[in-house]
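J.: Structure file query.tsv (TSV, C-alpha atoms) is given on the next line.
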```
chain	number	residue	atom	x	y	z
A	1	MET	CA	265.75	-45.54	-3.65
A	2	LYS	CA	268.43	-43.12	-4.85
A	3	MET	CA	268.01	-41.31	-8.17
A	4	SER	CA	271.12	-43.10	-9.47
A	5	GLN	CA	269.52	-46.53	-8.91
A	6	MET	CA	266.31	-45.70	-10.78
A	7	SER	CA	265.57	-46.11	-14.44
A	8	LYS	CA	265.16	-42.87	-16.39
A	9	TYR	CA	261.50	-43.69	-16.72
A	10	ASP	CA	261.01	-44.04	-12.94
A	11	ALA	CA	262.93	-40.84	-12.29
A	12	LEU	CA	260.83	-38.88	-14.82
A	13	ASN	CA	257.63	-40.30	-13.34
A	14	MET	CA	258.70	-39.29	-9.85
A	15	ILE	CA	259.31	-35.70	-11.00
A	16	LEU	CA	255.87	-35.55	-12.67
A	17	GLN	CA	254.14	-36.93	-9.57
A	18	SER	CA	255.88	-34.42	-7.37
A	19	LEU	CA	254.91	-31.62	-9.78
A	20	SER	CA	251.23	-32.66	-9.70
A	21	ALA	CA	251.37	-32.85	-5.91
A	22	SER	CA	252.63	-29.24	-5.79
A	23	SER	CA	249.36	-27.93	-7.25
A	24	GLY	CA	245.88	-29.42	-7.26
A	25	ASP	CA	245.14	-27.41	-10.39
A	26	ILE	CA	247.51	-29.48	-12.54
A	27	GLU	CA	245.30	-32.09	-14.23
A	28	ALA	CA	247.92	-33.90	-16.29
A	29	SER	CA	251.62	-33.72	-17.08
A	30	ALA	CA	253.99	-35.40	-19.50
A	31	VAL	CA	257.57	-35.47	-20.68
A	32	VAL	CA	257.67	-35.57	-24.45
A	33	SER	CA	260.69	-35.92	-26.73
A	34	ALA	CA	261.47	-33.14	-29.19
A	35	ASP	CA	259.83	-35.22	-31.95
A	36	GLY	CA	256.61	-35.75	-30.01
A	37	LEU	CA	257.06	-39.20	-28.46
A	38	LEU	CA	255.81	-39.71	-24.94
A	39	MET	CA	258.60	-40.48	-22.45
A	40	ALA	CA	256.67	-40.35	-19.16
A	41	SER	CA	253.27	-39.12	-18.07
A	42	ASN	CA	250.99	-38.56	-15.12
A	43	PHE	CA	247.45	-38.65	-16.47
A	44	PRO	CA	243.95	-39.27	-15.17
A	45	LYS	CA	242.45	-42.38	-16.76
A	46	ASP	CA	239.95	-40.51	-18.93
A	47	MET	CA	242.58	-38.47	-20.77
A	48	ASP	CA	244.32	-39.51	-23.92
A	49	GLU	CA	248.11	-39.41	-23.53
A	50	GLU	CA	248.86	-39.86	-27.20
A	51	ARG	CA	246.66	-36.92	-28.07
A	52	MET	CA	248.57	-34.71	-25.65
A	53	ALA	CA	251.92	-35.91	-27.06
A	54	ALA	CA	250.78	-35.18	-30.62
A	55	MET	CA	249.44	-31.72	-29.73
A	56	THR	CA	252.62	-30.94	-27.79
A	57	ALA	CA	254.77	-31.82	-30.79
A	58	ALA	CA	252.61	-29.73	-33.13
A	59	LEU	CA	252.64	-26.67	-30.84
A	60	LEU	CA	256.37	-27.03	-30.32
A	61	ALA	CA	257.10	-27.20	-34.02
A	62	ILE	CA	255.10	-24.08	-34.83
A	63	GLY	CA	256.35	-22.29	-31.69
A	64	GLU	CA	259.95	-22.93	-32.73
A	65	ARG	CA	259.26	-21.72	-36.23
A	66	ALA	CA	257.54	-18.55	-34.94
A	67	ALA	CA	260.35	-17.78	-32.47
A	68	MET	CA	262.90	-18.15	-35.27
A	69	GLU	CA	260.99	-16.28	-38.00
A	70	LEU	CA	260.09	-13.42	-35.67
A	71	ARG	CA	263.57	-13.24	-34.15
A	72	ARG	CA	262.62	-14.15	-30.58
A	73	GLY	CA	265.62	-16.50	-30.13
A	74	LYS	CA	265.46	-20.12	-29.07
A	75	LEU	CA	262.07	-21.43	-27.96
A	76	GLU	CA	261.67	-21.73	-24.19
A	77	GLN	CA	257.93	-21.91	-23.58
A	78	VAL	CA	254.56	-22.18	-25.27
A	79	PHE	CA	251.39	-21.35	-23.39
A	80	VAL	CA	247.81	-21.78	-24.58
A	81	ARG	CA	244.93	-20.34	-22.57
A	82	GLY	CA	241.42	-21.58	-23.21
A	83	THR	CA	238.16	-20.65	-21.49
A	84	ASP	CA	238.37	-23.92	-19.48
A	85	GLY	CA	242.06	-24.09	-18.65
A	86	PHE	CA	245.68	-23.89	-19.77
A	87	ILE	CA	248.31	-25.89	-21.59
A	88	VAL	CA	251.92	-25.00	-20.74
A	89	MET	CA	255.02	-26.40	-22.42
A	90	MET	CA	258.55	-25.75	-21.34
A	91	SER	CA	261.91	-26.90	-22.71
A	92	ALA	CA	263.60	-29.49	-20.51
A	93	GLY	CA	267.09	-29.58	-21.95
A	94	PRO	CA	267.79	-29.90	-25.68
A	95	ASP	CA	265.90	-33.18	-26.10
A	96	GLY	CA	262.82	-32.95	-23.93
A	97	VAL	CA	259.72	-30.94	-23.25
A	98	LEU	CA	257.64	-30.78	-20.11
A	99	ALA	CA	253.93	-30.34	-20.89
A	100	VAL	CA	251.28	-29.61	-18.31
A	101	MET	CA	247.50	-29.16	-18.45
A	102	CYS	CA	245.84	-27.11	-15.72
A	103	ASN	CA	242.29	-26.16	-14.90
A	104	LYS	CA	241.30	-22.52	-15.20
A	105	MET	CA	241.75	-21.84	-11.47
A	106	ALA	CA	245.52	-22.41	-11.70
A	107	LYS	CA	247.82	-19.64	-10.49
A	108	LEU	CA	250.07	-19.28	-13.50
A	109	GLY	CA	253.05	-17.69	-11.74
A	110	LEU	CA	253.30	-20.65	-9.39
A	111	ILE	CA	252.78	-23.20	-12.16
A	112	PHE	CA	255.58	-21.57	-14.22
A	113	LEU	CA	257.90	-21.61	-11.20
A	114	ASP	CA	257.22	-25.26	-10.30
A	115	MET	CA	257.54	-26.28	-13.95
A	116	LYS	CA	260.86	-24.48	-14.31
A	117	ARG	CA	262.27	-26.45	-11.38
A	118	ALA	CA	260.88	-29.73	-12.71
A	119	ALA	CA	262.22	-28.98	-16.22
A	120	ALA	CA	265.72	-28.43	-14.79
A	121	GLN	CA	265.56	-31.83	-13.05
A	122	ILE	CA	264.26	-33.51	-16.22
A	123	ALA	CA	267.04	-31.95	-18.31
A	124	LYS	CA	269.62	-33.56	-16.00
A	125	ILE	CA	268.06	-37.00	-16.48
A	126	LEU	CA	267.57	-36.97	-20.26
B	1	MET	CA	238.32	13.20	-34.40
B	2	LYS	CA	235.67	11.03	-32.77
B	3	MET	CA	235.88	7.23	-33.06
B	4	SER	CA	232.59	7.24	-35.00
B	5	GLN	CA	234.06	9.47	-37.71
B	6	MET	CA	237.15	7.31	-38.27
B	7	SER	CA	237.54	4.41	-40.63
B	8	LYS	CA	237.92	1.00	-38.97
B	9	TYR	CA	241.52	0.98	-40.15
B	10	ASP	CA	242.31	4.32	-38.49
B	11	ALA	CA	240.60	3.24	-35.29
B	12	LEU	CA	242.57	-0.03	-35.16
B	13	ASN	CA	245.81	1.82	-35.83
B	14	MET	CA	245.09	4.26	-33.04
B	15	ILE	CA	244.57	1.40	-30.58
B	16	LEU	CA	247.84	-0.26	-31.64
B	17	GLN	CA	249.75	3.00	-31.30
B	18	SER	CA	248.34	3.61	-27.87
B	19	LEU	CA	249.24	0.03	-26.86
B	20	SER	CA	252.84	0.49	-28.02
B	21	ALA	CA	253.02	3.79	-26.17
B	22	SER	CA	251.98	2.01	-22.96
B	23	SER	CA	255.16	-0.08	-22.89
B	24	GLY	CA	258.55	0.55	-24.44
B	25	ASP	CA	259.09	-3.21	-24.49
B	26	ILE	CA	256.46	-3.80	-27.18
B	27	GLU	CA	258.38	-3.93	-30.46
B	28	ALA	CA	255.52	-4.57	-32.85
B	29	SER	CA	251.78	-5.15	-32.80
B	30	ALA	CA	249.14	-6.17	-35.30
B	31	VAL	CA	245.46	-6.96	-35.69
B	32	VAL	CA	245.03	-10.08	-37.77
B	33	SER	CA	241.83	-11.66	-39.02
B	34	ALA	CA	240.97	-15.20	-37.92
B	35	ASP	CA	242.26	-16.48	-41.26
B	36	GLY	CA	245.61	-14.73	-40.97
B	37	LEU	CA	245.13	-11.55	-43.00
B	38	LEU	CA	246.65	-8.35	-41.65
B	39	MET	CA	244.05	-5.72	-40.74
B	40	ALA	CA	246.25	-3.11	-39.06
B	41	SER	CA	249.78	-3.01	-37.73
B	42	ASN	CA	252.34	-0.93	-35.90
B	43	PHE	CA	255.74	-2.19	-36.99
B	44	PRO	CA	259.30	-0.91	-37.10
B	45	LYS	CA	260.54	-0.63	-40.70
B	46	ASP	CA	262.93	-3.58	-40.48
B	47	MET	CA	260.24	-6.10	-39.54
B	48	ASP	CA	258.18	-8.14	-41.94
B	49	GLU	CA	254.45	-7.68	-41.31
B	50	GLU	CA	253.37	-10.50	-43.59
B	51	ARG	CA	255.63	-12.91	-41.75
B	52	MET	CA	254.03	-11.97	-38.44
B	53	ALA	CA	250.53	-12.37	-39.91
B	54	ALA	CA	251.40	-15.81	-41.29
B	55	MET	CA	252.96	-16.99	-38.02
B	56	THR	CA	249.99	-15.61	-36.07
B	57	ALA	CA	247.56	-17.57	-38.22
B	58	ALA	CA	249.61	-20.76	-37.88
B	59	LEU	CA	249.91	-20.46	-34.09
B	60	LEU	CA	246.22	-19.68	-33.79
B	61	ALA	CA	245.18	-22.68	-35.86
B	62	ILE	CA	247.25	-25.12	-33.83
B	63	GLY	CA	246.38	-23.37	-30.54
B	64	GLU	CA	242.66	-23.72	-31.33
B	65	ARG	CA	243.12	-27.36	-32.23
B	66	ALA	CA	245.08	-28.06	-29.02
B	67	ALA	CA	242.54	-26.25	-26.81
B	68	MET	CA	239.74	-28.28	-28.41
B	69	GLU	CA	241.48	-31.69	-28.44
B	70	LEU	CA	242.71	-31.30	-24.86
B	71	ARG	CA	239.37	-29.94	-23.59
B	72	ARG	CA	240.60	-26.50	-22.55
B	73	GLY	CA	237.55	-24.72	-24.03
B	74	LYS	CA	237.62	-21.89	-26.53
B	75	LEU	CA	241.03	-20.42	-27.35
B	76	GLU	CA	241.73	-17.09	-25.61
B	77	GLN	CA	245.49	-16.66	-25.75
B	78	VAL	CA	248.70	-18.09	-27.18
B	79	PHE	CA	252.06	-17.11	-25.74
B	80	VAL	CA	255.50	-18.05	-27.07
B	81	ARG	CA	258.60	-17.27	-25.02
B	82	GLY	CA	261.98	-17.32	-26.72
B	83	THR	CA	265.41	-16.51	-25.31
B	84	ASP	CA	265.21	-13.06	-26.98
B	85	GLY	CA	261.60	-12.09	-26.32
B	86	PHE	CA	257.93	-12.97	-26.46
B	87	ILE	CA	255.04	-13.30	-28.89
B	88	VAL	CA	251.58	-12.89	-27.37
B	89	MET	CA	248.28	-13.40	-29.18
B	90	MET	CA	244.89	-12.69	-27.75
B	91	SER	CA	241.38	-13.07	-29.16
B	92	ALA	CA	239.78	-9.74	-30.03
B	93	GLY	CA	236.16	-10.74	-30.57
B	94	PRO	CA	235.14	-13.67	-32.78
B	95	ASP	CA	236.83	-12.37	-35.93
B	96	GLY	CA	240.09	-10.81	-34.84
B	97	VAL	CA	243.33	-11.45	-33.04
B	98	LEU	CA	245.66	-8.98	-31.40
B	99	ALA	CA	249.30	-10.06	-31.78
B	100	VAL	CA	252.22	-8.40	-30.03
B	101	MET	CA	255.98	-8.94	-30.05
B	102	CYS	CA	257.96	-7.84	-27.01
B	103	ASN	CA	261.61	-7.82	-26.07
B	104	LYS	CA	262.74	-10.06	-23.24
B	105	MET	CA	262.65	-7.24	-20.67
B	106	ALA	CA	258.85	-6.95	-20.95
B	107	LYS	CA	256.80	-7.32	-17.78
B	108	LEU	CA	254.31	-9.94	-18.86
B	109	GLY	CA	251.58	-9.17	-16.33
B	110	LEU	CA	251.40	-5.58	-17.57
B	111	ILE	CA	251.53	-6.59	-21.22
B	112	PHE	CA	248.65	-9.06	-20.71
B	113	LEU	CA	246.60	-6.39	-18.93
B	114	ASP	CA	247.19	-3.72	-21.59
B	115	MET	CA	246.51	-6.22	-24.36
B	116	LYS	CA	243.25	-7.33	-22.75
B	117	ARG	CA	242.01	-3.74	-22.72
B	118	ALA	CA	243.12	-3.16	-26.31
B	119	ALA	CA	241.52	-6.46	-27.43
B	120	ALA	CA	238.19	-5.39	-25.91
B	121	GLN	CA	238.36	-2.09	-27.85
B	122	ILE	CA	239.29	-3.93	-31.06
B	123	ALA	CA	236.41	-6.40	-30.62
B	124	LYS	CA	233.96	-3.47	-30.53
B	125	ILE	CA	235.31	-2.10	-33.81
B	126	LEU	CA	235.49	-5.33	-35.84
```
Once more with this new file: its structure as structure tokens, please.

T.:
Amino acid sequence: MKMSQMSKYDALNMILQSLSASSGDIEASAVVSADGLLMASNFPKDMDEERMAAMTAALLAIGERAAMELRRGKLEQVFVRGTDGFIVMMSAGPDGVLAVMCNKMAKLGLIFLDMKRAAAQIAKIL
Amino acid sequence: MKMSQMSKYDALNMILQSLSASSGDIEASAVVSADGLLMASNFPKDMDEERMAAMTAALLAIGERAAMELRRGKLEQVFVRGTDGFIVMMSAGPDGVLAVMCNKMAKLGLIFLDMKRAAAQIAKIL
């Protein structure tokens, strides 16, 4: 199937699946709208998608505010490192955000690179 | 002057100054308490310290919530990348946070490394 024949939803899902396939350390991924609504996701069954969408929206809002107040320009990325893994969010065009959860073994440089490519593809679709 | 003869404030300031000296791309740095109060800072005159402390506290609160809700363990680091630079926050013991603002030329790997060392020193003092 060509990209042009797919629904937006299918195309976003395909990008998320390909992103997850690129690294076994990515546990979940989602495309979220700027206001925190889930547009597509690739989640294991025991994870709560809505919780990730809500947390993504909250982190984005405060990240945007911090970047503006502290004169760091337009928000491009928010990254949260915990003792058990990472959450990475990246702008995907003006209307979307790509959010990824990784385990703590993830190689961040590679994750950032793969996410950047995926975010560029997502931006074209949205 | 030995560390043991200094006030906590002087010791924290010395660590921040040494951190800034390690990279010309660090524009400002601060030690903030877990509840967002400024403990020490190394800021250029045209920057608002209180604003950085407030934003640090807000990012920390939501970063901690996200790490918990999304099962990433205990919060260690929050990183915000804007088009004009970065904000990096790192735990410095249970009661403190080291926050740094860099310009967009900063080499992140080096900044993370230098901050990790400084955070370990700060944790000993607090």

J.: Counting all atoms listed in the file, what are the residues of chain A within 10 Å of chain B, and for each of them which pair of atoms is the nearest and at what distance in Å, to one decimal? Sort the table by chain and rising number, as CSV.

T.:
```
residue,atom,partner,partner_atom,distance
A:Met47,CA,B:Leu70,CA,8.3
A:Asp48,CA,B:Leu70,CA,8.4
A:Glu49,CA,B:Leu70,CA,9.8
A:Arg51,CA,B:Glu69,CA,7.4
A:Met52,CA,B:Leu70,CA,6.8
A:Ala54,CA,B:Ala66,CA,9.3
A:Met55,CA,B:Ala66,CA,5.7
A:Thr56,CA,B:Ala66,CA,8.2
A:Ala58,CA,B:Ile62,CA,7.1
A:Leu59,CA,B:Ile62,CA,6.4
A:Leu60,CA,B:Val80,CA,9.6
A:Ala61,CA,B:Leu59,CA,9.9
A:Ile62,CA,B:Leu59,CA,6.4
A:Gly63,CA,B:Val80,CA,6.3
A:Glu64,CA,B:Gly82,CA,8.5
A:Arg65,CA,B:Met55,CA,8.1
A:Ala66,CA,B:Met55,CA,5.7
A:Ala67,CA,B:Gly82,CA,6.0
A:Met68,CA,B:Gly82,CA,8.6
A:Glu69,CA,B:Arg51,CA,7.4
A:Leu70,CA,B:Met52,CA,6.8
A:Arg71,CA,B:Asp84,CA,7.4
A:Arg72,CA,B:Asp84,CA,4.6
A:Gly73,CA,B:Asp84,CA,4.7
A:Lys74,CA,B:Gly82,CA,5.0
A:Leu75,CA,B:Gly82,CA,4.3
A:Glu76,CA,B:Gly82,CA,5.1
A:Gln77,CA,B:Arg81,CA,4.9
A:Val78,CA,B:Val80,CA,4.6
A:Phe79,CA,B:Phe79,CA,4.9
A:Val80,CA,B:Val78,CA,4.6
A:Arg81,CA,B:Gln77,CA,4.9
A:Gly82,CA,B:Leu75,CA,4.3
A:Thr83,CA,B:Gly73,CA,4.8
A:Asp84,CA,B:Arg72,CA,4.6
A:Gly85,CA,B:Arg72,CA,4.8
A:Phe86,CA,B:Arg72,CA,6.4
A:Ile87,CA,B:Ala67,CA,7.8
A:Val88,CA,B:Phe79,CA,9.3
A:Met89,CA,B:Val80,CA,9.6
A:Met90,CA,B:Arg81,CA,9.2
A:Met101,CA,B:Leu70,CA,8.3
A:Cys102,CA,B:Arg72,CA,8.6
A:Asn103,CA,B:Arg72,CA,7.8
A:Lys104,CA,B:Arg72,CA,8.4
A:Gly109,CA,B:Gly109,CA,9.8
```

J.: Using Å and a single decimal, report how far CA of Leu126 in chain B sits from CA of Ala28 in chain B.

T.: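 The value is 20.3 Å.
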
J.: Produce the least-squares-superposed copy of chain B, fitted on chain A over all in-order C-alpha pairs, as a short mmCIF file (atom, residue, chain, number, x, y, z; two decimals) with C-alpha atoms, in the frame of the given file.

T.:
```cif
data_model
loop_
_atom_site.label_atom_id
_atom_site.label_comp_id
_atom_site.auth_asym_id
_atom_site.auth_seq_id
_atom_site.Cartn_x
_atom_site.Cartn_y
_atom_site.Cartn_z
CA MET B 1 265.75 -45.55 -3.63
CA LYS B 2 268.42 -43.14 -4.82
CA MET B 3 268.01 -41.33 -8.16
CA SER B 4 271.11 -43.13 -9.47
CA GLN B 5 269.52 -46.54 -8.90
CA MET B 6 266.30 -45.70 -10.76
CA SER B 7 265.57 -46.12 -14.42
CA LYS B 8 265.17 -42.87 -16.38
CA TYR B 9 261.49 -43.68 -16.71
CA ASP B 10 261.00 -44.04 -12.95
CA ALA B 11 262.93 -40.85 -12.30
CA LEU B 12 260.83 -38.89 -14.82
CA ASN B 13 257.63 -40.29 -13.34
CA MET B 14 258.70 -39.29 -9.86
CA ILE B 15 259.30 -35.70 -11.01
CA LEU B 16 255.87 -35.55 -12.69
CA GLN B 17 254.15 -36.92 -9.60
CA SER B 18 255.88 -34.43 -7.38
CA LEU B 19 254.90 -31.61 -9.78
CA SER B 20 251.24 -32.67 -9.70
CA ALA B 21 251.38 -32.87 -5.92
CA SER B 22 252.61 -29.26 -5.80
CA SER B 23 249.35 -27.93 -7.25
CA GLY B 24 245.87 -29.41 -7.26
CA ASP B 25 245.15 -27.41 -10.40
CA ILE B 26 247.51 -29.49 -12.56
CA GLU B 27 245.31 -32.09 -14.25
CA ALA B 28 247.92 -33.89 -16.30
CA SER B 29 251.62 -33.72 -17.09
CA ALA B 30 253.99 -35.40 -19.50
CA VAL B 31 257.58 -35.48 -20.69
CA VAL B 32 257.68 -35.58 -24.46
CA SER B 33 260.68 -35.93 -26.73
CA ALA B 34 261.46 -33.15 -29.20
CA ASP B 35 259.83 -35.21 -31.95
CA GLY B 36 256.61 -35.75 -30.03
CA LEU B 37 257.06 -39.19 -28.47
CA LEU B 38 255.81 -39.70 -24.93
CA MET B 39 258.60 -40.46 -22.45
CA ALA B 40 256.68 -40.35 -19.17
CA SER B 41 253.29 -39.11 -18.08
CA ASN B 42 251.00 -38.57 -15.13
CA PHE B 43 247.46 -38.65 -16.48
CA PRO B 44 243.97 -39.26 -15.15
CA LYS B 45 242.44 -42.38 -16.73
CA ASP B 46 239.94 -40.50 -18.89
CA MET B 47 242.58 -38.48 -20.74
CA ASP B 48 244.33 -39.51 -23.92
CA GLU B 49 248.11 -39.40 -23.51
CA GLU B 50 248.86 -39.86 -27.20
CA ARG B 51 246.65 -36.91 -28.05
CA MET B 52 248.57 -34.70 -25.64
CA ALA B 53 251.91 -35.89 -27.06
CA ALA B 54 250.77 -35.17 -30.61
CA MET B 55 249.44 -31.70 -29.74
CA THR B 56 252.63 -30.94 -27.79
CA ALA B 57 254.77 -31.82 -30.79
CA ALA B 58 252.61 -29.72 -33.12
CA LEU B 59 252.65 -26.67 -30.83
CA LEU B 60 256.38 -27.01 -30.33
CA ALA B 61 257.10 -27.20 -34.05
CA ILE B 62 255.10 -24.08 -34.85
CA GLY B 63 256.33 -22.29 -31.70
CA GLU B 64 259.95 -22.94 -32.73
CA ARG B 65 259.24 -21.72 -36.24
CA ALA B 66 257.53 -18.55 -34.95
CA ALA B 67 260.33 -17.78 -32.47
CA MET B 68 262.89 -18.17 -35.27
CA GLU B 69 260.99 -16.29 -38.01
CA LEU B 70 260.09 -13.42 -35.67
CA ARG B 71 263.59 -13.24 -34.14
CA ARG B 72 262.62 -14.15 -30.58
CA GLY B 73 265.61 -16.50 -30.13
CA LYS B 74 265.46 -20.12 -29.07
CA LEU B 75 262.07 -21.44 -27.97
CA GLU B 76 261.68 -21.73 -24.18
CA GLN B 77 257.94 -21.90 -23.57
CA VAL B 78 254.56 -22.18 -25.26
CA PHE B 79 251.38 -21.34 -23.38
CA VAL B 80 247.80 -21.79 -24.59
CA ARG B 81 244.93 -20.34 -22.57
CA GLY B 82 241.42 -21.58 -23.23
CA THR B 83 238.16 -20.67 -21.50
CA ASP B 84 238.38 -23.93 -19.50
CA GLY B 85 242.08 -24.07 -18.64
CA PHE B 86 245.68 -23.89 -19.77
CA ILE B 87 248.33 -25.89 -21.59
CA VAL B 88 251.92 -25.00 -20.73
CA MET B 89 255.03 -26.40 -22.41
CA MET B 90 258.56 -25.74 -21.34
CA SER B 91 261.91 -26.89 -22.72
CA ALA B 92 263.58 -29.49 -20.51
CA GLY B 93 267.09 -29.58 -21.95
CA PRO B 94 267.78 -29.91 -25.68
CA ASP B 95 265.89 -33.18 -26.12
CA GLY B 96 262.81 -32.95 -23.94
CA VAL B 97 259.71 -30.94 -23.25
CA LEU B 98 257.65 -30.77 -20.09
CA ALA B 99 253.94 -30.34 -20.89
CA VAL B 100 251.27 -29.62 -18.31
CA MET B 101 247.50 -29.17 -18.45
CA CYS B 102 245.84 -27.10 -15.74
CA ASN B 103 242.29 -26.15 -14.91
CA LYS B 104 241.30 -22.51 -15.20
CA MET B 105 241.75 -21.86 -11.46
CA ALA B 106 245.52 -22.43 -11.69
CA LYS B 107 247.81 -19.66 -10.49
CA LEU B 108 250.07 -19.28 -13.49
CA GLY B 109 253.04 -17.69 -11.73
CA LEU B 110 253.29 -20.67 -9.38
CA ILE B 111 252.80 -23.20 -12.16
CA PHE B 112 255.59 -21.58 -14.22
CA LEU B 113 257.91 -21.61 -11.20
CA ASP B 114 257.22 -25.26 -10.31
CA MET B 115 257.54 -26.28 -13.95
CA LYS B 116 260.87 -24.48 -14.31
CA ARG B 117 262.28 -26.44 -11.38
CA ALA B 118 260.89 -29.73 -12.70
CA ALA B 119 262.23 -28.97 -16.21
CA ALA B 120 265.73 -28.43 -14.79
CA GLN B 121 265.55 -31.82 -13.03
CA ILE B 122 264.26 -33.50 -16.21
CA ALA B 123 267.04 -31.94 -18.30
CA LYS B 124 269.63 -33.55 -15.99
CA ILE B 125 268.07 -36.98 -16.47
CA LEU B 126 267.56 -36.95 -20.25
#
```

J.: State, in Å with one decimal place, the distance from CA of Gly36 in chain B to CA of Pro94 in chain B.

T.: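 These two atoms are separated by 13.3 Å.
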
J.: Grab the CA of Ser22 in chain A to CA of Leu108 in chain A distance for me, in Å with one decimal place.

T.: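 So the two atoms, CA of Ser22 in chain A and CA of Leu108 in chain A, lie 12.9 Å apart.
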
J.: Need to verify the contact set: Asp114 in chain A, 8 Å, all atoms listed in the file, exclusion of same-chain residues closer than 4 positions in sequence. Can you return it as a ChimeraX atom specification?

T.: /A:19,22,110,118

J.: Which is closest to Ile125 in chain B among B:Gly96, B:Val32, B:Met105, B:Ser41, if we use all atoms listed in the file?

T.: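 Looking at the shortest contact to Ile125 in chain B, the residue is B:Gly96.
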
J.: If I put a ball of radius 8 Å at (255.9, -4.2, -32.3) in the file's coordinates, which residues poke into it when counting all atoms listed in the file, written as a JSON list (two decimals) with C-alpha atoms, in the frame of the given file?

T.:
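Result went into selection.json, see below:
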```
[["chain", "number", "residue", "atom", "x", "y", "z"],
["B", 20, "SER", "CA", 252.84, 0.49, -28.02],
["B", 26, "ILE", "CA", 256.46, -3.80, -27.18],
["B", 27, "GLU", "CA", 258.38, -3.93, -30.46],
["B", 28, "ALA", "CA", 255.52, -4.57, -32.85],
["B", 29, "SER", "CA", 251.78, -5.15, -32.80],
["B", 30, "ALA", "CA", 249.14, -6.17, -35.30],
["B", 42, "ASN", "CA", 252.34, -0.93, -35.90],
["B", 43, "PHE", "CA", 255.74, -2.19, -36.99],
["B", 44, "PRO", "CA", 259.30, -0.91, -37.10],
["B", 100, "VAL", "CA", 252.22, -8.40, -30.03],
["B", 101, "MET", "CA", 255.98, -8.94, -30.05],
["B", 102, "CYS", "CA", 257.96, -7.84, -27.01]]
```

J.: List as a list in words the residues having at least one atom at most 10 Å from position (262.0, -40.7, -17.5) as given in the file, counting all atoms listed in the file.

T.: Met6, Ser7, Lys8, Tyr9, Asp10, Ala11, Leu12, Asn13, Met14, Ile15, Leu16, Ala30, Val31, Val32, Leu38, Met39, Ala40, Ser41, Ile122, Ile125 and Leu126 of chain A
